[in-house]
Amino acid sequence: MHNVSTHDPKDRFGQPLDAAWREPLVIERHGRADAVEVSKDECAALNDIKLQQLRAAVNLGLAELERGACTDYEVEDLPRLAARIKATGRERLAKK
């Protein structure tokens, strides 16, 4: 991976863009990695991987439903369930 500061793309836009076709380009601001620029093809490949993972998770959930491994919720339980899901997501992000 190649690193550049945020000033480089502004001053010489074409060079970092060309570099992104060869390898991911890390853009730093104040000495800290802030963004990554990748080629359009690489972005499409990453999106395909994410879509495959999402489809696998959905299929797993559907298989569990077919097995009867599910919980019925009442409408009044949904806000509490949503809060639990959000809290779990925040915990997972904090661990990264």
# chains A, B, ... in the order shown; residues from 1 in each chain; ligands from 1
>>> select_by_dssp(residues="chain A", states="strand (DSSP E)", output="list in words")
His2, Asn3, Val4, Ser5, Leu25, Val26, Ile27, Glu28, Arg29, Arg32, Ala33, Asp34, Ala35, Val36 and Glu37 of chain A
>>> residues_around(residues="stretch 40-42 of chain A", least_positions_apart="3", cutoff="12 Å", atoms="only C-alpha atoms", output="PyMOL selection string")
chain A and resi 17-18+20-25+36-37+45-49
>>> atom_distance(atom1="atom CA of A:Glu76", atom2="atom CA of A:Thr88")
20.1 Å
>>> select_by_dssp(residues="stretch 3-83 of chain A", states="helix (DSSP H, G or I)", output="PyMOL selection string")
chain A and resi 7-11+14-22+40-67+75-83
>>> decode(residues="stretch 43-69 of chain A", atoms="N, CA and C atoms", output="PDB file, in the first residue's frame")
ATOM      1  N   CYS A  43     -12.883  -1.865  -6.044  1.00  0.00           N
ATOM      2  CA  CYS A  43     -14.098  -1.514  -5.298  1.00  0.00           C
ATOM      3  C   CYS A  43     -15.241  -2.460  -5.668  1.00  0.00           C
ATOM      4  N   ALA A  44     -15.387  -2.746  -6.948  1.00  0.00           N
ATOM      5  CA  ALA A  44     -16.446  -3.666  -7.395  1.00  0.00           C
ATOM      6  C   ALA A  44     -16.219  -5.062  -6.818  1.00  0.00           C
ATOM      7  N   ALA A  45     -14.954  -5.502  -6.782  1.00  0.00           N
ATOM      8  CA  ALA A  45     -14.647  -6.827  -6.218  1.00  0.00           C
ATOM      9  C   ALA A  45     -14.980  -6.864  -4.726  1.00  0.00           C
ATOM     10  N   LEU A  46     -14.631  -5.798  -4.004  1.00  0.00           N
ATOM     11  CA  LEU A  46     -14.951  -5.740  -2.572  1.00  0.00           C
ATOM     12  C   LEU A  46     -16.457  -5.733  -2.344  1.00  0.00           C
ATOM     13  N   ASN A  47     -17.195  -5.003  -3.178  1.00  0.00           N
ATOM     14  CA  ASN A  47     -18.656  -4.987  -3.059  1.00  0.00           C
ATOM     15  C   ASN A  47     -19.247  -6.360  -3.357  1.00  0.00           C
ATOM     16  N   ASP A  48     -18.677  -7.077  -4.315  1.00  0.00           N
ATOM     17  CA  ASP A  48     -19.145  -8.436  -4.610  1.00  0.00           C
ATOM     18  C   ASP A  48     -18.943  -9.356  -3.412  1.00  0.00           C
ATOM     19  N   ILE A  49     -17.790  -9.234  -2.753  1.00  0.00           N
ATOM     20  CA  ILE A  49     -17.515 -10.050  -1.563  1.00  0.00           C
ATOM     21  C   ILE A  49     -18.521  -9.735  -0.464  1.00  0.00           C
ATOM     22  N   LYS A  50     -18.775  -8.433  -0.249  1.00  0.00           N
ATOM     23  CA  LYS A  50     -19.747  -8.046   0.787  1.00  0.00           C
ATOM     24  C   LYS A  50     -21.139  -8.588   0.462  1.00  0.00           C
ATOM     25  N   LEU A  51     -21.513  -8.536  -0.822  1.00  0.00           N
ATOM     26  CA  LEU A  51     -22.820  -9.045  -1.233  1.00  0.00           C
ATOM     27  C   LEU A  51     -22.903 -10.552  -1.009  1.00  0.00           C
ATOM     28  N   GLN A  52     -21.839 -11.284  -1.320  1.00  0.00           N
ATOM     29  CA  GLN A  52     -21.819 -12.731  -1.089  1.00  0.00           C
ATOM     30  C   GLN A  52     -21.966 -13.039   0.404  1.00  0.00           C
ATOM     31  N   GLN A  53     -21.279 -12.264   1.252  1.00  0.00           N
ATOM     32  CA  GLN A  53     -21.381 -12.473   2.699  1.00  0.00           C
ATOM     33  C   GLN A  53     -22.793 -12.179   3.191  1.00  0.00           C
ATOM     34  N   LEU A  54     -23.411 -11.121   2.668  1.00  0.00           N
ATOM     35  CA  LEU A  54     -24.775 -10.779   3.056  1.00  0.00           C
ATOM     36  C   LEU A  54     -25.745 -11.874   2.639  1.00  0.00           C
ATOM     37  N   ARG A  55     -25.576 -12.363   1.406  1.00  0.00           N
ATOM     38  CA  ARG A  55     -26.458 -13.442   0.930  1.00  0.00           C
ATOM     39  C   ARG A  55     -26.294 -14.698   1.788  1.00  0.00           C
ATOM     40  N   ALA A  56     -25.060 -15.018   2.170  1.00  0.00           N
ATOM     41  CA  ALA A  56     -24.820 -16.191   3.013  1.00  0.00           C
ATOM     42  C   ALA A  56     -25.487 -16.010   4.372  1.00  0.00           C
ATOM     43  N   ALA A  57     -25.410 -14.813   4.940  1.00  0.00           N
ATOM     44  CA  ALA A  57     -26.044 -14.558   6.238  1.00  0.00           C
ATOM     45  C   ALA A  57     -27.563 -14.653   6.128  1.00  0.00           C
ATOM     46  N   VAL A  58     -28.130 -14.126   5.050  1.00  0.00           N
ATOM     47  CA  VAL A  58     -29.575 -14.206   4.848  1.00  0.00           C
ATOM     48  C   VAL A  58     -29.999 -15.665   4.679  1.00  0.00           C
ATOM     49  N   ASN A  59     -29.243 -16.429   3.883  1.00  0.00           N
ATOM     50  CA  ASN A  59     -29.578 -17.840   3.684  1.00  0.00           C
ATOM     51  C   ASN A  59     -29.481 -18.626   4.987  1.00  0.00           C
ATOM     52  N   LEU A  60     -28.482 -18.292   5.801  1.00  0.00           N
ATOM     53  CA  LEU A  60     -28.357 -18.940   7.107  1.00  0.00           C
ATOM     54  C   LEU A  60     -29.572 -18.622   7.977  1.00  0.00           C
ATOM     55  N   GLY A  61     -29.978 -17.364   7.976  1.00  0.00           N
ATOM     56  CA  GLY A  61     -31.161 -16.966   8.745  1.00  0.00           C
ATOM     57  C   GLY A  61     -32.420 -17.657   8.258  1.00  0.00           C
ATOM     58  N   LEU A  62     -32.568 -17.763   6.946  1.00  0.00           N
ATOM     59  CA  LEU A  62     -33.741 -18.446   6.390  1.00  0.00           C
ATOM     60  C   LEU A  62     -33.741 -19.929   6.761  1.00  0.00           C
ATOM     61  N   ALA A  63     -32.555 -20.551   6.727  1.00  0.00           N
ATOM     62  CA  ALA A  63     -32.467 -21.965   7.117  1.00  0.00           C
ATOM     63  C   ALA A  63     -32.841 -22.148   8.580  1.00  0.00           C
ATOM     64  N   GLU A  64     -32.417 -21.224   9.440  1.00  0.00           N
ATOM     65  CA  GLU A  64     -32.779 -21.308  10.851  1.00  0.00           C
ATOM     66  C   GLU A  64     -34.279 -21.134  11.041  1.00  0.00           C
ATOM     67  N   LEU A  65     -34.884 -20.240  10.271  1.00  0.00           N
ATOM     68  CA  LEU A  65     -36.339 -20.067  10.341  1.00  0.00           C
ATOM     69  C   LEU A  65     -37.059 -21.354   9.938  1.00  0.00           C
ATOM     70  N   GLU A  66     -36.580 -21.990   8.872  1.00  0.00           N
ATOM     71  CA  GLU A  66     -37.202 -23.232   8.408  1.00  0.00           C
ATOM     72  C   GLU A  66     -37.078 -24.332   9.457  1.00  0.00           C
ATOM     73  N   ARG A  67     -35.959 -24.332  10.224  1.00  0.00           N
ATOM     74  CA  ARG A  67     -35.775 -25.319  11.292  1.00  0.00           C
ATOM     75  C   ARG A  67     -36.632 -25.002  12.507  1.00  0.00           C
ATOM     76  N   GLY A  68     -37.200 -23.804  12.533  1.00  0.00           N
ATOM     77  CA  GLY A  68     -38.002 -23.400  13.682  1.00  0.00           C
ATOM     78  C   GLY A  68     -37.186 -22.707  14.758  1.00  0.00           C
ATOM     79  N   ALA A  69     -35.949 -22.376  14.458  1.00  0.00           N
ATOM     80  CA  ALA A  69     -35.075 -21.716  15.431  1.00  0.00           C
ATOM     81  C   ALA A  69     -35.298 -20.209  15.361  1.00  0.00           C
TER      82      ALA A  69
END
